[in-house]
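Report on the following structure.
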Amino acid sequence: MKTSSFFISFFLIVITSCAQKRQSIVGVGKEVDPYHFTQTKNLTITHGCVLSAEPLASEVGLAVMKRGGNAFDAMIATQLALAVVYPDAGNIGGGGFTVARTSNDSLIALDYREMAPLKGSRDMYIDSAGNARTDWSQNGHLSVGVPGTVAGLFEEHKYAKLPFAELIQPAIDLAQNGFVLTNGQANSLNENREDFIQYNTKPTAFVKQKKWMKGDTLFQPELAKTLMRIRDFGMKGFYEGETAKLVVAEMQRGKGLISYDDLKSYVCKTRKPVEFDYRGYNVVSMPPSSSGGIILGEMLKMIEPYPMHDYGFQTKQSVQLMIEAERRAYADRAEHLGDPEFWNVPQNILLSDAYNKKRMSDYDSTKASESKNIKAGNVHESNQTTHISIIDDKGNMVAVTTTLNNGYGSKTVVGGAGFFLNDEMDDFSIKPGVPNMFGAVGGDANAIAPGKRMLSSMTPTLVFKNHKPFMVVGTPGGTTITTSVFQSIVNVVDFGMDAKDAVDKPKFHHQWLPDTIYLEKGFNKTTADELQKMGYKLYMYNAIGRTELIKILPDGKFEAAADIRGDDSVSGY
Ligand code: DON
């Protein structure tokens, strides 16, 4: 589309939206004000709390809880609000995972990861010269996997108390009546402006002629209508009918592959959570199609025989041990993990004490080992997934991580339906040994096949102590997700940290390939120098993760920490 007609259409959208009455309060109970809200990073409270990437979304979740909803109600309302107020990663056009515990003590793992379209194929990103085309797998229509988030929301709703229509209404109000942009949100939209123009076939709410400024109102009337269809027709309001037709039309305009059948046949899978012990704590996390739970288990089991507490926080000894565990676990990820319906994942072996002990038999505490192997890639610096942690006083604990993959996913918005589509196809191994945008490599286990789910690193996790709730934790961060959750757990269990320190202290990351340690800004300089002397290559990283962690204190209170690295905020009572 020509730029001029793009702008004319855009202004028509804005004029229409501005003509609507500017309401300042959203939600069925009208408790949340989208023009006045504050970030809260830390809170210790009694009844329940919601931690998410945006204060408005956390507020929506809390309002639902105060109205009689449980943690699942709050989760659904928060996820939907994020799809409006955090278009970078909050989504209905992406996918994700939920790990939860219900008040009657059952454990749940929901897999609503995107799927390769039925017309997808193993070599769909290899060009005629045999080159892997990450430009096709990372942007625009061809990079999109069949979205799963809406199916996940309806599965979560089986454990909720309030009508779905009530939970989606705040998101509808926020999309229709607008909300005020923070500085970060305005900058992020400006930075992606050219991509939004390049990868769209219709005008979108996210581009305007002048720069977005802090304090501007973002109206998303097309998204509001899509959300209303979901409210009125349930799953069919997204996977069939008008919305599905708009997705298919968008695909056809941009040479994407998703068909009406792909959408209609999408299902959320209920899985058996990964469960293992670490120093007497019971850890519950996500099984494949995420690598998160298994890789987390491997890393914790590899370090368990060592006296981490005596080594001390971020000393040469503790960091080197954790790095070597991370290296070995990520090597396994590349070889052994993929969608369990397409690949036989040796989960029991990978989580066994004996296997992990053997894996560390070549560990040498005096020098760096080497990840000699296929071509290395760069780890991508971005935090465009989003994690929500919620707990209530009935015993429900919910950890959800969802994503569009990259910031704003494929950058393609469904024309007429107003939501971003993911670029999750890049999480497949598009060619053996070719790194994806996070530098992760893979082979057959994670090769593309029609209807297959691409391997993820997302690690929504619960921890129990003596069978009682102890932690809810998770984060975005691509391949750094699992190492961040690993370190957050070790920070609490081995180093006795409170929630705030466990989240805010600098993190580090190794993923086998590339053979480099990524150190977050603020990491202990002496330890960094010592590691370098042992032969490690170091690379400074601006920020690792945006972790949302709830620790349950001995008196039953909830100690919550929303990450300082972003707009993240906790609401509780
Ligand atoms: O599923 C995964 O592992 C990735 N698509 C997550 C992407 C992510 O966390 C983006 N932020 N860095």
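Letters A, B, ... go to the chains of the structure tokens in the order shown; residues in each chain start at 1; ligands are counted from 1 in the same order.
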Using only C-alpha atoms and all ligand atoms, what does the table of chain A residues within 9 Å of ligand 1 look like, with each row giving the shortest atom pair and its distance in Å to one decimal, sorted by chain and ascending number, as a tab-separated table?
```
residue	atom	partner	partner_atom_place_in_ligand_line	distance
A:Ala89	CA	ligand 1	10 (C)	8.0
A:Gly95	CA	ligand 1	1 (O)	8.5
A:Gly96	CA	ligand 1	1 (O)	7.5
A:Arg113	CA	ligand 1	1 (O)	8.1
A:Ser290	CA	ligand 1	1 (O)	7.1
A:Ser291	CA	ligand 1	3 (O)	8.1
A:Gly292	CA	ligand 1	3 (O)	8.2
A:His380	CA	ligand 1	12 (N)	7.3
A:Glu381	CA	ligand 1	12 (N)	6.6
A:Ser382	CA	ligand 1	12 (N)	4.3
A:Asn383	CA	ligand 1	12 (N)	3.5
A:Gln384	CA	ligand 1	11 (N)	3.8
A:Thr385	CA	ligand 1	9 (O)	4.3
A:Thr386	CA	ligand 1	9 (O)	7.2
A:Thr401	CA	ligand 1	9 (O)	8.7
A:Thr402	CA	ligand 1	1 (O)	7.9
A:Thr403	CA	ligand 1	7 (C)	6.0
A:Leu404	CA	ligand 1	5 (N)	6.8
A:Asn405	CA	ligand 1	5 (N)	3.9
A:Asn406	CA	ligand 1	10 (C)	5.4
A:Gly407	CA	ligand 1	10 (C)	7.0
A:Asn422	CA	ligand 1	5 (N)	9.0
A:Asp423	CA	ligand 1	5 (N)	8.2
A:Glu424	CA	ligand 1	5 (N)	5.9
A:Met425	CA	ligand 1	5 (N)	8.8
A:Asp426	CA	ligand 1	5 (N)	8.0
A:Asp427	CA	ligand 1	5 (N)	6.0
A:Phe438	CA	ligand 1	12 (N)	8.0
A:Met454	CA	ligand 1	1 (O)	7.9
A:Leu455	CA	ligand 1	1 (O)	6.7
A:Ser456	CA	ligand 1	1 (O)	3.6
A:Ser457	CA	ligand 1	3 (O)	3.6
A:Met458	CA	ligand 1	3 (O)	5.0
A:Thr459	CA	ligand 1	3 (O)	8.6
A:Thr475	CA	ligand 1	9 (O)	7.7
A:Pro476	CA	ligand 1	9 (O)	4.1
A:Gly477	CA	ligand 1	12 (N)	3.3
A:Gly478	CA	ligand 1	9 (O)	3.4
A:Thr479	CA	ligand 1	3 (O)	5.9
A:Thr480	CA	ligand 1	12 (N)	7.7
A:Ile481	CA	ligand 1	9 (O)	6.6
A:Thr482	CA	ligand 1	3 (O)	9.0
A:Ile544	CA	ligand 1	12 (N)	8.6
A:Gly545	CA	ligand 1	12 (N)	7.4
```
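By chain and then residue number, the residues within 12 Å of Lys533 in chain A are Lys316, Gln320, Thr366, Lys367, Ala368, Thr526, Thr527, Ala528, Asp529, Glu530, Leu531, Gly535, Tyr536, Lys537 and Leu538 of chain A, counting only C-alpha atoms and disregarding those fewer than 2 positions away in sequence.
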Per-residue nearest contacts range 371-481 of chain A to range 271-285 of chain A, cut-off 7 Å, using only C-alpha atoms, as a tab-separated table:
```
residue	atom	partner	partner_atom	distance
A:Thr459	CA	A:Ser285	CA	6.4
A:Pro460	CA	A:Ser285	CA	6.0
A:Thr461	CA	A:Ser285	CA	4.5
A:Leu462	CA	A:Val284	CA	5.1
A:Val463	CA	A:Val283	CA	4.6
A:Phe464	CA	A:Asn282	CA	5.0
A:Lys465	CA	A:Tyr281	CA	5.0
```
Compile the contact shell of Gly572 in chain A as JSON, numbers by chain: residues with an atom at most 10 Å away, counting only C-alpha atoms, same-chain residues fewer than 6 positions apart removed.
{"A": [40, 42, 43, 44, 45, 46, 47, 48, 49, 50, 51, 58, 59, 61, 62, 63, 65, 66, 390, 391, 392, 558, 560]}
Could you pull out the strand (DSSP E) residues of range 52-252 of chain A, going by DSSP on the backbone, and write them as a count of residues only?
18
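Using only C-alpha atoms, the shortest contact distance between Thr98 in chain A and any of A:Ile517, A:Val473, A:Ala81, A:Val441 is found at A:Val473.
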Distance table requested - range 181-212 of chain A against range 418-421 of chain A, cut-off 12 Å, only C-alpha atoms: one row per qualifying residue with the closest atom pair and its distance in Å to one decimal, ordered by chain and rising residue number, as JSON lines.
```
{"residue": "A:Phe196", "atom": "CA", "partner": "A:Phe420", "partner_atom": "CA", "distance": 10.0}
{"residue": "A:Tyr199", "atom": "CA", "partner": "A:Phe420", "partner_atom": "CA", "distance": 10.8}
{"residue": "A:Asn200", "atom": "CA", "partner": "A:Phe420", "partner_atom": "CA", "distance": 10.1}
{"residue": "A:Lys202", "atom": "CA", "partner": "A:Gly418", "partner_atom": "CA", "distance": 10.0}
{"residue": "A:Pro203", "atom": "CA", "partner": "A:Gly418", "partner_atom": "CA", "distance": 9.5}
{"residue": "A:Thr204", "atom": "CA", "partner": "A:Gly418", "partner_atom": "CA", "distance": 6.9}
{"residue": "A:Ala205", "atom": "CA", "partner": "A:Gly418", "partner_atom": "CA", "distance": 7.4}
{"residue": "A:Phe206", "atom": "CA", "partner": "A:Gly418", "partner_atom": "CA", "distance": 9.4}
```
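The interatomic distance for the pair CA of Lys245 in chain A and CA of Ser143 in chain A works out to 18.8 Å.
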Residue contacts of Ala562 in chain A (10 Å, only C-alpha atoms) excluding same-chain residues fewer than 3 positions away, as a PyMOL selection string
chain A and resi 39-43+50-55+388-389+499-500+503-504+546-550+565-571
Nearby residues (only C-alpha atoms) at most 7 Å from range 120-128 of chain A, same-chain spacing under 5 positions excluded, as a PyMOL selection string:
chain A and resi 133+136-137+430+447-450
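The environment of Leu181 in chain A within 12 Å, counting only C-alpha atoms and disregarding residues fewer than 6 places along the same chain, consists of Pro34, Tyr35, His36, Phe37, Glu54, Pro55, Leu56, Val84, Val85, Tyr86, Pro87, Leu174, Asn187, Ser188, Leu189, Asn190, Phe206, Trp212, Met213, Lys214, Gly215, Asp216, Thr217, Leu218, Phe219 and Asp567 of chain A.
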Out of range 281-387 of chain A, which residues get helix (DSSP H, G or I) from DSSP, as a PyMOL selection string?
chain A and resi 292-303+308-311+316-336+347-350+353-359
Coordinates-based distance that separates CA of Pro307 in chain A from CA of Pro554 in chain A (Å, one decimal)
24.1 Å
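In this comparison, which uses only C-alpha atoms, the residue of A:Ile258, A:Leu513, A:Ala186, A:Val180 approaching Tyr330 in chain A most closely is A:Leu513.
Between Tyr260 in chain A and the residues A:Ser488, A:Thr243, A:Gln138, A:Gln209, the shortest atom-to-atom distance, using only C-alpha atoms, involves A:Thr243.
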List as a tab-separated table every residue of range 433-517 of chain A that is in contact with range 296-301 of chain A, defined as an atom at most 9 Å from one of its atoms (using only C-alpha atoms), together with the nearest atom pair and the distance in Å rounded to one decimal, sorted by chain and then rising number.
```
residue	atom	partner	partner_atom	distance
A:Thr459	CA	A:Leu296	CA	7.9
A:Thr482	CA	A:Leu296	CA	6.0
A:Thr483	CA	A:Leu296	CA	7.3
A:Val485	CA	A:Leu296	CA	7.6
A:Phe486	CA	A:Leu296	CA	5.9
A:Ile489	CA	A:Leu300	CA	9.0
A:Val490	CA	A:Leu300	CA	8.2
```
Write out as a tab-separated table the residues of range 221-264 of chain A that have any atom within 10 Å of an atom of range 154-172 of chain A, one row each with the nearest atom pair and its distance in Å to one decimal, counting only C-alpha atoms, sorted by chain and then rising number.
```
residue	atom	partner	partner_atom	distance
A:Pro221	CA	A:Ile172	CA	8.9
A:Leu223	CA	A:Ile172	CA	7.9
A:Ala224	CA	A:Ile172	CA	5.0
A:Lys225	CA	A:Ile172	CA	7.8
A:Thr226	CA	A:Ile172	CA	8.8
A:Leu227	CA	A:Ile172	CA	6.1
A:Met228	CA	A:Ile172	CA	6.8
A:Ile230	CA	A:Ile168	CA	8.5
A:Arg231	CA	A:Ala165	CA	5.2
A:Asp232	CA	A:Ala165	CA	7.5
A:Phe233	CA	A:Ala165	CA	10.0
A:Gly234	CA	A:Phe154	CA	7.9
A:Met235	CA	A:Phe154	CA	7.1
```
Restrict the selected residues to N, CA and C atoms and save them as a PDB file, in the first residue's frame.
```
ATOM      1  N   PRO A 221      -9.846   0.314  17.908  1.00  0.00           N
ATOM      2  CA  PRO A 221     -11.259  -0.063  17.698  1.00  0.00           C
ATOM      3  C   PRO A 221     -11.435  -1.413  16.999  1.00  0.00           C
ATOM      4  N   LEU A 223      -9.428  -4.028  17.217  1.00  0.00           N
ATOM      5  CA  LEU A 223      -9.156  -5.055  18.230  1.00  0.00           C
ATOM      6  C   LEU A 223     -10.361  -5.188  19.170  1.00  0.00           C
ATOM      7  N   ALA A 224     -10.972  -4.035  19.514  1.00  0.00           N
ATOM      8  CA  ALA A 224     -12.159  -4.076  20.398  1.00  0.00           C
ATOM      9  C   ALA A 224     -13.240  -4.951  19.774  1.00  0.00           C
ATOM     10  N   LYS A 225     -13.419  -4.805  18.468  1.00  0.00           N
ATOM     11  CA  LYS A 225     -14.470  -5.614  17.802  1.00  0.00           C
ATOM     12  C   LYS A 225     -14.114  -7.097  17.825  1.00  0.00           C
ATOM     13  N   THR A 226     -12.834  -7.405  17.620  1.00  0.00           N
ATOM     14  CA  THR A 226     -12.419  -8.819  17.683  1.00  0.00           C
ATOM     15  C   THR A 226     -12.694  -9.374  19.076  1.00  0.00           C
ATOM     16  N   LEU A 227     -12.332  -8.596  20.094  1.00  0.00           N
ATOM     17  CA  LEU A 227     -12.563  -9.057  21.471  1.00  0.00           C
ATOM     18  C   LEU A 227     -14.062  -9.237  21.748  1.00  0.00           C
ATOM     19  N   MET A 228     -14.880  -8.363  21.148  1.00  0.00           N
ATOM     20  CA  MET A 228     -16.343  -8.508  21.326  1.00  0.00           C
ATOM     21  C   MET A 228     -16.830  -9.801  20.683  1.00  0.00           C
ATOM     22  N   ILE A 230     -15.095 -12.510  20.435  1.00  0.00           N
ATOM     23  CA  ILE A 230     -14.685 -13.595  21.341  1.00  0.00           C
ATOM     24  C   ILE A 230     -15.645 -13.632  22.543  1.00  0.00           C
ATOM     25  N   ARG A 231     -15.989 -12.451  23.037  1.00  0.00           N
ATOM     26  CA  ARG A 231     -16.943 -12.388  24.155  1.00  0.00           C
ATOM     27  C   ARG A 231     -18.287 -13.036  23.757  1.00  0.00           C
ATOM     28  N   ASP A 232     -18.752 -12.719  22.546  1.00  0.00           N
ATOM     29  CA  ASP A 232     -20.099 -13.140  22.157  1.00  0.00           C
ATOM     30  C   ASP A 232     -20.156 -14.580  21.636  1.00  0.00           C
ATOM     31  N   PHE A 233     -19.080 -15.040  20.991  1.00  0.00           N
ATOM     32  CA  PHE A 233     -19.141 -16.378  20.351  1.00  0.00           C
ATOM     33  C   PHE A 233     -18.117 -17.356  20.907  1.00  0.00           C
ATOM     34  N   GLY A 234     -17.388 -16.962  21.957  1.00  0.00           N
ATOM     35  CA  GLY A 234     -16.423 -17.877  22.570  1.00  0.00           C
ATOM     36  C   GLY A 234     -15.277 -18.180  21.605  1.00  0.00           C
ATOM     37  N   MET A 235     -14.758 -19.411  21.688  1.00  0.00           N
ATOM     38  CA  MET A 235     -13.639 -19.832  20.818  1.00  0.00           C
ATOM     39  C   MET A 235     -13.951 -19.557  19.343  1.00  0.00           C
TER      40      MET A 235
END
```
